[in-house]
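J.: Below are the structure tokens for one structure; questions will follow.
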Amino acid sequence: MFIYHTIAEVRRYVREARSIGQSIGLVPTMGYLHEGHLELVRQAKKRCDKVIVSIFVNPTQFGPGEDLERYPRDLDRDARLSEGVGADVIFNPPVAEMYPAGYCTYVDVERITEHLCGQARPGHFRGVATVVTKLFNIVRPDVAFFGQKDAQQALVINRMVADLDMDLEVVTVTTVREPDGLAMSSRNVYLEPEQRRAALALSRSLRRAEEVFQAGERDAARIRQLVIDMIKKEALLEIDYVEIYSHPELEPIDQIEGPALLALAVKTGRARLIDNTVLR
Ligand SMILES: Nc1ncnc2c1ncn2[C@@H]1O[C@H](COP(=O)(O)OP(=O)(O)OP(=O)(O)O)[C@@H](O)[C@H]1O
Ligand SMILES: CC(C)(CO)[C@@H](O)C(=O)[O-]
Ligand code: BAL
């Protein structure tokens, strides 16, 4: 496996692979890899001849006061784990390689970024759409892989690819969970044991919402309230949002008639955790 830090090296690698007819898969990450990321790499390996994992803690998607500086980083460990599941290249550029002096171009996906994390983290998806566009332009992948854990992000990328006629396929991979239900996330390392235990209310409340939906409940406000009530029972959790929108358009709904995204973000201690389910 190769570890590249420059755009030129990745471009050379991709050019050579393509010249012998090989397909390219891209798994964009911010590193500190876990089983969720590794599952994206495994899926990529099944679909593509060569798999490039980008590891870049992208400053433009962090807001003031967020955890950009203390976001966990461990390239050696990430390299071992990536190689173990068959990645061919890690692309780990320094910030100045992606945003050199004078940088001033951004990609803005409108409307579906208005709610949920887009509202809670102003500018976040502008940073995500910009860096993902740059990664697509650098790697020119045939297929790019994203996780359903970041449901709005996956929808934003799909919208952007369609709207800007980007020539690639986007695959969204099911959320990988710990055995007790907690969605895997690099930020889980921030959790103290008591917060880790309280955080189980996220997946538990989503499962309960799925049950009442399957039993026939279609009133979005009632399902949302049920989730809020379950999370509020945990004193260590502070709700950022619990919302239901149509999927994939992310429009407000009262009654769930088609697929609906039930998404939540919760703070506990230093961590902000997100999780979701699609009711269909
Ligand atoms: N549990 C998971 N299951 C499936 N995909 C995941 C999971 N966690 C993250 N991903 C996906 O991995 C990709 C890279 O995500 P990222 O590096 O931000 O990891 P993360 O664990 O989501 O970190 P964070 O703590 O920042 O939320 C994204 O497409 C994300 O949706
Ligand atoms: C897609 C991404 C790698 C862009 O920085 C990031 O938002 C993430 O890790 O989900
Ligand atoms: N997983 C999304 C990256 C972020 O929280 O900034």
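We label chains A, B, ... in the order they appear in the structure tokens, count residues from 1 in each chain, and number ligands from 1 in the order shown.
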Can you tell me which residues sit at most 9 Å away from ligand 2, counting only C-alpha atoms and all ligand atoms, written as a ChimeraX atom specification?

T.: /A:27-31,54-61,124-125,127-132,135,146-147,149-150,153-154,157

J.: Kindly provide, as a short mmCIF file (atom, residue, chain, number, x, y, z; two decimals) with C-alpha atoms, in the first residue's frame, all nucleotide and amino acid residues lying within 10 Å of ligand 1, counting only C-alpha atoms and all ligand atoms.

T.:
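Saved file result_29.cif follows:
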data_model
loop_
_atom_site.label_atom_id
_atom_site.label_comp_id
_atom_site.auth_asym_id
_atom_site.auth_seq_id
_atom_site.Cartn_x
_atom_site.Cartn_y
_atom_site.Cartn_z
CA VAL A 27 -13.34 6.26 0.36
CA PRO A 28 -13.16 9.81 1.78
CA THR A 29 -12.51 9.94 5.54
CA MET A 30 -11.12 12.14 8.27
CA GLY A 31 -9.11 9.22 9.64
CA TYR A 32 -8.95 7.58 13.07
CA LEU A 33 -10.49 4.61 11.32
CA HIS A 34 -12.98 2.18 12.82
CA GLU A 35 -15.08 -0.74 11.53
CA GLY A 36 -17.49 1.69 9.82
CA HIS A 37 -14.70 3.06 7.64
CA LEU A 38 -13.26 -0.42 7.08
CA GLU A 39 -16.63 -1.63 5.82
CA LEU A 40 -16.60 1.20 3.24
CA VAL A 41 -13.15 0.02 2.12
CA VAL A 53 -8.68 6.03 1.12
CA SER A 54 -8.34 9.76 1.73
CA ILE A 55 -7.50 10.81 5.27
CA PHE A 56 -7.88 14.54 5.70
CA VAL A 57 -9.30 16.46 8.66
CA ASN A 58 -10.88 19.15 6.53
CA ASP A 67 -13.11 20.12 17.60
CA LEU A 68 -10.80 20.70 14.59
CA TYR A 71 -10.00 15.66 16.34
CA PRO A 72 -8.24 12.27 16.87
CA ALA A 144 -17.15 6.83 -4.17
CA PHE A 145 -18.32 5.35 -0.87
CA PHE A 146 -20.05 7.17 2.01
CA GLY A 147 -21.72 5.97 5.22
CA GLN A 148 -25.41 6.16 6.05
CA LYS A 149 -24.41 7.26 9.59
CA ASP A 150 -23.90 10.73 8.07
CA ALA A 151 -27.25 10.50 6.28
CA GLN A 152 -27.59 14.17 5.31
CA GLN A 153 -24.00 14.22 4.06
CA ALA A 154 -24.71 11.23 1.78
CA ILE A 157 -23.13 14.41 -2.06
CA VAL A 171 -22.63 4.26 -2.95
CA THR A 172 -24.09 4.69 0.54
CA VAL A 173 -23.13 1.95 3.00
CA THR A 174 -25.34 0.89 5.96
CA THR A 175 -24.31 2.21 9.39
CA VAL A 176 -21.96 -0.13 11.25
CA ARG A 177 -22.76 -0.40 14.97
CA GLU A 178 -21.10 -1.64 18.12
CA LEU A 182 -24.01 2.55 19.33
CA ALA A 183 -23.18 3.81 15.83
CA MET A 184 -19.43 3.67 15.29
CA SER A 185 -17.80 7.09 15.10
CA SER A 186 -14.29 8.42 15.52
CA ARG A 187 -15.72 10.84 18.08
CA ASN A 188 -16.78 7.95 20.35
CA VAL A 189 -13.24 8.15 21.80
CA TYR A 190 -14.35 11.38 23.52
CA ALA A 271 -18.82 14.69 22.03
CA ARG A 272 -21.56 15.48 19.55
CA LEU A 273 -23.05 12.22 18.27
CA ILE A 274 -25.38 11.71 15.32
CA ASP A 275 -27.53 8.76 14.30
#

J.: Expressed in Å to a single decimal, how great is the separation between atom CA of A:Ala260 and atom CA of A:Leu202?

T.: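 Going from atom CA of A:Ala260 over to atom CA of A:Leu202, I get 17.4 Å.
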
J.: Could you check how far atom CA of A:Leu264 sits from atom CA of A:Glu169, in Å to one decimal?

T.: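 Taking atom CA of A:Leu264 as the start and atom CA of A:Glu169 as the end point, the length is 27.0 Å.
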
J.: Could you pull out all residues of stretch 158-269 of chain A with a DSSP call of helix (DSSP H, G or I) and give them as an mmCIF file with C-alpha atoms, in the first residue's frame?

T.:
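This went into part.cif:
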data_model
loop_
_atom_site.group_PDB
_atom_site.id
_atom_site.type_symbol
_atom_site.label_atom_id
_atom_site.label_comp_id
_atom_site.auth_asym_id
_atom_site.auth_seq_id
_atom_site.Cartn_x
_atom_site.Cartn_y
_atom_site.Cartn_z
ATOM 1 C CA ASN A 158 -25.692 12.573 -4.185
ATOM 2 C CA ARG A 159 -27.466 15.869 -4.954
ATOM 3 C CA MET A 160 -24.190 17.596 -5.808
ATOM 4 C CA VAL A 161 -23.061 14.770 -8.110
ATOM 5 C CA ALA A 162 -26.396 14.867 -9.945
ATOM 6 C CA ASP A 163 -26.632 18.665 -10.126
ATOM 7 C CA SER A 186 -14.290 8.423 15.518
ATOM 8 C CA ARG A 187 -15.720 10.837 18.078
ATOM 9 C CA ASN A 188 -16.780 7.949 20.348
ATOM 10 C CA VAL A 189 -13.243 8.154 21.805
ATOM 11 C CA TYR A 190 -14.351 11.383 23.519
ATOM 12 C CA PRO A 193 -17.820 5.413 30.419
ATOM 13 C CA GLU A 194 -21.006 6.984 31.834
ATOM 14 C CA GLN A 195 -21.559 9.035 28.664
ATOM 15 C CA ARG A 196 -20.917 5.935 26.548
ATOM 16 C CA ARG A 197 -23.653 4.121 28.488
ATOM 17 C CA ALA A 198 -26.088 7.056 28.220
ATOM 18 C CA LEU A 200 -27.113 3.950 23.963
ATOM 19 C CA ALA A 201 -30.390 5.888 24.226
ATOM 20 C CA LEU A 202 -29.761 7.156 20.668
ATOM 21 C CA SER A 203 -29.947 3.799 18.907
ATOM 22 C CA ARG A 204 -32.489 2.491 21.420
ATOM 23 C CA SER A 205 -34.896 5.358 20.682
ATOM 24 C CA LEU A 206 -34.454 4.907 16.925
ATOM 25 C CA ARG A 207 -35.267 1.188 17.237
ATOM 26 C CA ARG A 208 -38.379 2.070 19.263
ATOM 27 C CA ALA A 209 -39.419 4.597 16.601
ATOM 28 C CA GLU A 210 -39.018 1.905 13.938
ATOM 29 C CA GLU A 211 -41.245 -0.416 15.988
ATOM 30 C CA VAL A 212 -44.092 2.084 16.375
ATOM 31 C CA PHE A 213 -43.779 3.002 12.695
ATOM 32 C CA GLN A 214 -43.995 -0.676 11.711
ATOM 33 C CA ALA A 220 -44.222 12.506 12.488
ATOM 34 C CA ALA A 221 -44.676 14.714 15.573
ATOM 35 C CA ARG A 222 -45.670 11.748 17.759
ATOM 36 C CA ILE A 223 -42.715 9.634 16.633
ATOM 37 C CA ARG A 224 -40.351 12.566 17.109
ATOM 38 C CA GLN A 225 -41.718 13.190 20.637
ATOM 39 C CA LEU A 226 -41.289 9.544 21.575
ATOM 40 C CA VAL A 227 -37.595 9.754 20.634
ATOM 41 C CA ILE A 228 -37.126 13.051 22.495
ATOM 42 C CA ASP A 229 -38.753 11.602 25.637
ATOM 43 C CA MET A 230 -36.488 8.546 25.597
ATOM 44 C CA ILE A 231 -33.333 10.618 25.165
ATOM 45 C CA LYS A 232 -34.365 13.127 27.837
#

J.: Using only C-alpha atoms and all ligand atoms, find the one residue out of A:Glu16, A:Glu192, A:Glu66, A:Glu9 that sits nearest to ligand 3.

T.: A:Glu66

J.: Quick check for you: according to DSSP on this backbone, which residues of stretch 141-256 of chain A are classed as strand (DSSP E or B)? Reply as an NGL selection string.

T.: :A and (143-147 or 169-173 or 177 or 183 or 219 or 238-246 or 252 or 255)

J.: Nearest residue to ligand 3 out of A:Leu191, A:Ile24, A:Leu75, A:Ala265, using only C-alpha atoms and all ligand atoms?

T.: A:Ala265
